[in-house]
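Reviewing the structure listed below.
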Amino acid sequence: MRLKEQARRTEDDQRLAMHDQVDAQLRQWKDGKQQNLRALLSSVHLLLPTFTPIGIHEIIEASKVKRAYMRTIAKLHPDKLAKGVDLRTSMVSSSVFTVLNEAWDAFKAQEGVS
């Protein structure tokens with residue numbers, strides 16, 4: 001029990017120390033394109049280098065945007081992340097997941113997609 005508590009405290013300390021850095025990266029990534037799902041999807045690889053870049057030309061049609069969004073969200077979902085993923089990747093993935101969900105809601109309203 002003590003070891004688990006110590007591990008949790010250590011992770012909390014690391015998360016706190018990394019928070020400002022991750023937050024700055026996220027702000028820079030989404031600045032000016034919060035509601036632009038296409039722009040966000042085409043730049044996810046800048047935050048998470050393991051992602052294959054999506055060209056903006058690949059997501060012109062609404063159906064292609066939906067497919068790219070669904071695939072990206074499936075990889076970023078907090079329950080779908082690999083167990084051994086590092087703390088930074090976990091924090092970034094969670095935040096990107098939230099930003100993309102908000103942008104998806106705006107996209108659906110604009111494009112009339114379900």
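We label chains A, B, ... in the order they appear in the structure tokens, count residues from 1 in each chain, and number ligands from 1 in the order shown.
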
For this session: Write out as an NGL selection string which residues come within 9 Å of segment 17-31 of chain A when counting only C-alpha atoms, dropping same-chain ones fewer than 2 positions away.
Result: :A and (12-15 or 33-35 or 39-40 or 43-44 or 46-47 or 87-88 or 91-92 or 95-96 or 99)

Problem set entry | Distance query Gly112 of chain A at most 12 Å, only C-alpha atoms, self and fewer than 3 positions along chain excluded, as a PyMOL selection string | chain A and resi 62-63+66+104-109

Run DSSP on the backbone of this structure and report the residues of segment 2-113 of chain A it assigns to helix (DSSP H, G or I), as a compact mmCIF listing (two decimals) with N, CA and C atoms, in the first residue's frame.
# COMPACT_ATOMS: atom_id res chain seq x y z
N ARG A 2 1.93 1.24 0.80
CA ARG A 2 2.82 2.40 0.87
C ARG A 2 3.52 2.65 -0.46
N LEU A 3 3.92 1.58 -1.13
CA LEU A 3 4.61 1.73 -2.41
C LEU A 3 3.68 2.35 -3.46
N LYS A 4 2.42 1.95 -3.46
CA LYS A 4 1.46 2.52 -4.40
C LYS A 4 1.25 4.00 -4.13
N GLU A 5 1.14 4.34 -2.87
CA GLU A 5 0.95 5.74 -2.48
C GLU A 5 2.17 6.57 -2.87
N GLN A 6 3.35 6.04 -2.66
CA GLN A 6 4.58 6.74 -3.02
C GLN A 6 4.66 6.92 -4.54
N ALA A 7 4.30 5.89 -5.29
CA ALA A 7 4.31 5.97 -6.75
C ALA A 7 3.31 7.02 -7.24
N ARG A 8 2.14 7.06 -6.63
CA ARG A 8 1.14 8.05 -7.01
C ARG A 8 1.63 9.46 -6.72
N ARG A 9 2.26 9.65 -5.58
CA ARG A 9 2.79 10.98 -5.23
C ARG A 9 3.88 11.41 -6.20
N THR A 10 4.73 10.48 -6.55
CA THR A 10 5.81 10.77 -7.50
C THR A 10 5.23 11.18 -8.85
N GLU A 11 4.23 10.46 -9.31
CA GLU A 11 3.59 10.79 -10.59
C GLU A 11 2.90 12.15 -10.50
N ASP A 12 2.24 12.43 -9.41
CA ASP A 12 1.59 13.73 -9.22
C ASP A 12 2.62 14.86 -9.26
N ASP A 13 3.77 14.65 -8.62
CA ASP A 13 4.84 15.66 -8.63
C ASP A 13 5.37 15.88 -10.05
N GLN A 14 5.55 14.80 -10.79
CA GLN A 14 6.03 14.90 -12.17
C GLN A 14 4.99 15.61 -13.04
N ARG A 15 3.74 15.26 -12.84
CA ARG A 15 2.66 15.87 -13.61
C ARG A 15 2.61 17.38 -13.35
N LEU A 16 2.75 17.78 -12.12
CA LEU A 16 2.74 19.20 -11.76
C LEU A 16 3.92 19.93 -12.39
N ALA A 17 5.09 19.30 -12.35
CA ALA A 17 6.29 19.93 -12.91
C ALA A 17 6.17 20.07 -14.43
N MET A 18 5.51 19.16 -15.08
CA MET A 18 5.40 19.15 -16.53
C MET A 18 4.20 19.95 -17.04
N HIS A 19 3.28 20.26 -16.16
CA HIS A 19 2.02 20.90 -16.55
C HIS A 19 2.21 22.16 -17.37
N ASP A 20 3.05 23.08 -16.91
CA ASP A 20 3.23 24.36 -17.61
C ASP A 20 3.81 24.16 -19.00
N GLN A 21 4.77 23.26 -19.11
CA GLN A 21 5.39 23.00 -20.40
C GLN A 21 4.37 22.42 -21.39
N VAL A 22 3.62 21.44 -20.95
CA VAL A 22 2.61 20.81 -21.81
C VAL A 22 1.52 21.82 -22.16
N ASP A 23 1.10 22.61 -21.20
CA ASP A 23 0.07 23.61 -21.44
C ASP A 23 0.52 24.63 -22.48
N ALA A 24 1.78 25.05 -22.42
CA ALA A 24 2.32 26.01 -23.39
C ALA A 24 2.34 25.40 -24.80
N GLN A 25 2.73 24.15 -24.90
CA GLN A 25 2.75 23.47 -26.19
C GLN A 25 1.34 23.36 -26.77
N LEU A 26 0.38 23.04 -25.93
CA LEU A 26 -1.01 22.92 -26.39
C LEU A 26 -1.57 24.26 -26.84
N ARG A 27 -1.29 25.30 -26.09
CA ARG A 27 -1.77 26.63 -26.48
C ARG A 27 -1.20 27.03 -27.83
N GLN A 28 0.09 26.78 -28.01
CA GLN A 28 0.73 27.12 -29.28
C GLN A 28 0.12 26.30 -30.42
N TRP A 29 -0.16 25.03 -30.19
CA TRP A 29 -0.73 24.14 -31.21
C TRP A 29 -2.13 24.59 -31.63
N LYS A 30 -2.96 24.93 -30.66
CA LYS A 30 -4.36 25.24 -31.00
C LYS A 30 -4.62 26.72 -31.23
N LEU A 37 -11.36 22.08 -37.22
CA LEU A 37 -11.04 20.67 -37.06
C LEU A 37 -10.01 20.20 -38.08
N ARG A 38 -10.13 20.66 -39.31
CA ARG A 38 -9.17 20.24 -40.34
C ARG A 38 -7.75 20.66 -39.97
N ALA A 39 -7.59 21.89 -39.54
CA ALA A 39 -6.26 22.38 -39.16
C ALA A 39 -5.71 21.63 -37.95
N LEU A 40 -6.57 21.36 -37.00
CA LEU A 40 -6.12 20.62 -35.80
C LEU A 40 -5.70 19.20 -36.17
N LEU A 41 -6.51 18.52 -36.97
CA LEU A 41 -6.18 17.15 -37.35
C LEU A 41 -4.88 17.09 -38.16
N VAL A 44 -1.75 17.40 -35.57
CA VAL A 44 -1.59 16.58 -34.35
C VAL A 44 -0.18 16.00 -34.26
N HIS A 45 0.39 15.65 -35.40
CA HIS A 45 1.72 15.04 -35.41
C HIS A 45 2.80 15.98 -34.86
N LEU A 46 2.53 17.27 -34.81
CA LEU A 46 3.50 18.22 -34.25
C LEU A 46 3.63 18.05 -32.74
N LEU A 47 2.54 17.65 -32.09
CA LEU A 47 2.56 17.41 -30.65
C LEU A 47 2.92 15.97 -30.32
N ILE A 56 -3.81 18.33 -45.34
CA ILE A 56 -5.07 19.07 -45.39
C ILE A 56 -5.84 18.69 -46.66
N HIS A 57 -5.11 18.33 -47.71
CA HIS A 57 -5.75 17.92 -48.96
C HIS A 57 -6.48 16.58 -48.82
N GLU A 58 -6.13 15.83 -47.81
CA GLU A 58 -6.77 14.53 -47.58
C GLU A 58 -8.11 14.65 -46.84
N ILE A 59 -8.37 15.80 -46.26
CA ILE A 59 -9.57 15.96 -45.43
C ILE A 59 -10.41 17.14 -45.88
N ALA A 62 -16.25 16.35 -45.99
CA ALA A 62 -16.72 16.15 -44.62
C ALA A 62 -16.61 14.69 -44.19
N SER A 63 -16.87 13.77 -45.11
CA SER A 63 -16.78 12.34 -44.76
C SER A 63 -15.35 11.94 -44.45
N LYS A 64 -14.39 12.54 -45.14
CA LYS A 64 -12.96 12.25 -44.89
C LYS A 64 -12.52 12.85 -43.55
N VAL A 65 -13.07 14.02 -43.24
CA VAL A 65 -12.78 14.65 -41.95
C VAL A 65 -13.29 13.75 -40.82
N LYS A 66 -14.50 13.26 -40.99
CA LYS A 66 -15.09 12.39 -39.97
C LYS A 66 -14.23 11.14 -39.78
N ARG A 67 -13.80 10.52 -40.86
CA ARG A 67 -12.98 9.32 -40.77
C ARG A 67 -11.65 9.61 -40.07
N ALA A 68 -10.99 10.71 -40.45
CA ALA A 68 -9.71 11.08 -39.82
C ALA A 68 -9.91 11.40 -38.34
N TYR A 69 -10.98 12.09 -38.03
CA TYR A 69 -11.30 12.42 -36.63
C TYR A 69 -11.49 11.15 -35.81
N MET A 70 -12.31 10.24 -36.32
CA MET A 70 -12.60 8.99 -35.59
C MET A 70 -11.33 8.17 -35.36
N ARG A 71 -10.49 8.09 -36.35
CA ARG A 71 -9.23 7.33 -36.21
C ARG A 71 -8.30 7.99 -35.20
N THR A 72 -8.23 9.30 -35.26
CA THR A 72 -7.35 10.03 -34.34
C THR A 72 -7.85 9.90 -32.90
N ILE A 73 -9.13 10.10 -32.71
CA ILE A 73 -9.72 10.01 -31.37
C ILE A 73 -9.55 8.61 -30.80
N ALA A 74 -9.68 7.61 -31.65
CA ALA A 74 -9.51 6.23 -31.17
C ALA A 74 -8.11 6.00 -30.63
N LYS A 75 -7.12 6.64 -31.23
CA LYS A 75 -5.74 6.49 -30.76
C LYS A 75 -5.46 7.31 -29.51
N LEU A 76 -6.19 8.42 -29.34
CA LEU A 76 -5.95 9.33 -28.22
C LEU A 76 -6.79 9.05 -26.99
N LEU A 87 4.52 9.97 -19.25
CA LEU A 87 3.60 10.93 -18.64
C LEU A 87 3.29 12.09 -19.58
N ARG A 88 4.29 12.62 -20.28
CA ARG A 88 4.06 13.74 -21.19
C ARG A 88 3.07 13.35 -22.29
N THR A 89 3.28 12.19 -22.89
CA THR A 89 2.40 11.72 -23.96
C THR A 89 0.98 11.54 -23.43
N SER A 90 0.87 11.02 -22.23
CA SER A 90 -0.44 10.84 -21.62
C SER A 90 -1.15 12.18 -21.41
N MET A 91 -0.43 13.15 -20.91
CA MET A 91 -1.01 14.47 -20.66
C MET A 91 -1.41 15.15 -21.97
N VAL A 92 -0.53 15.10 -22.96
CA VAL A 92 -0.81 15.73 -24.25
C VAL A 92 -1.99 15.04 -24.92
N SER A 93 -1.99 13.71 -24.91
CA SER A 93 -3.07 12.96 -25.55
C SER A 93 -4.43 13.31 -24.95
N SER A 94 -4.48 13.40 -23.64
CA SER A 94 -5.72 13.73 -22.97
C SER A 94 -6.22 15.12 -23.37
N SER A 95 -5.32 16.08 -23.42
CA SER A 95 -5.70 17.44 -23.78
C SER A 95 -6.10 17.55 -25.25
N VAL A 96 -5.34 16.90 -26.12
CA VAL A 96 -5.66 16.92 -27.55
C VAL A 96 -7.02 16.25 -27.78
N PHE A 97 -7.28 15.18 -27.06
CA PHE A 97 -8.57 14.49 -27.14
C PHE A 97 -9.71 15.46 -26.86
N THR A 98 -9.57 16.25 -25.81
CA THR A 98 -10.59 17.22 -25.42
C THR A 98 -10.75 18.32 -26.48
N VAL A 99 -9.64 18.86 -26.96
CA VAL A 99 -9.68 19.93 -27.96
C VAL A 99 -10.34 19.43 -29.25
N LEU A 100 -9.98 18.22 -29.68
CA LEU A 100 -10.56 17.67 -30.90
C LEU A 100 -12.06 17.40 -30.74
N ASN A 101 -12.46 16.95 -29.57
CA ASN A 101 -13.90 16.73 -29.34
C ASN A 101 -14.68 18.04 -29.43
N GLU A 102 -14.13 19.11 -28.88
CA GLU A 102 -14.79 20.41 -28.96
C GLU A 102 -14.85 20.90 -30.41
N ALA A 103 -13.76 20.71 -31.14
CA ALA A 103 -13.72 21.11 -32.55
C ALA A 103 -14.69 20.26 -33.38
N TRP A 104 -14.82 18.98 -33.03
CA TRP A 104 -15.76 18.11 -33.74
C TRP A 104 -17.20 18.59 -33.56
N ASP A 105 -17.54 18.99 -32.36
CA ASP A 105 -18.89 19.52 -32.11
C ASP A 105 -19.16 20.75 -32.97
N ALA A 106 -18.18 21.64 -33.07
CA ALA A 106 -18.32 22.84 -33.90
C ALA A 106 -18.41 22.45 -35.37
N PHE A 107 -17.61 21.49 -35.79
CA PHE A 107 -17.62 21.04 -37.18
C PHE A 107 -18.98 20.44 -37.55
N LYS A 108 -19.52 19.62 -36.66
CA LYS A 108 -20.83 19.02 -36.92
C LYS A 108 -21.90 20.10 -37.09
N ALA A 109 -21.85 21.11 -36.27
CA ALA A 109 -22.83 22.19 -36.36
C ALA A 109 -22.68 22.97 -37.67
N GLN A 110 -21.45 23.22 -38.08
CA GLN A 110 -21.19 23.97 -39.31
C GLN A 110 -21.53 23.18 -40.57
N GLU A 111 -21.13 21.92 -40.57
CA GLU A 111 -21.25 21.09 -41.77
C GLU A 111 -22.53 20.26 -41.82

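Separating atom CA of Val85 of chain A from atom CA of Ile54 of chain A is a distance of 22.5 Å.
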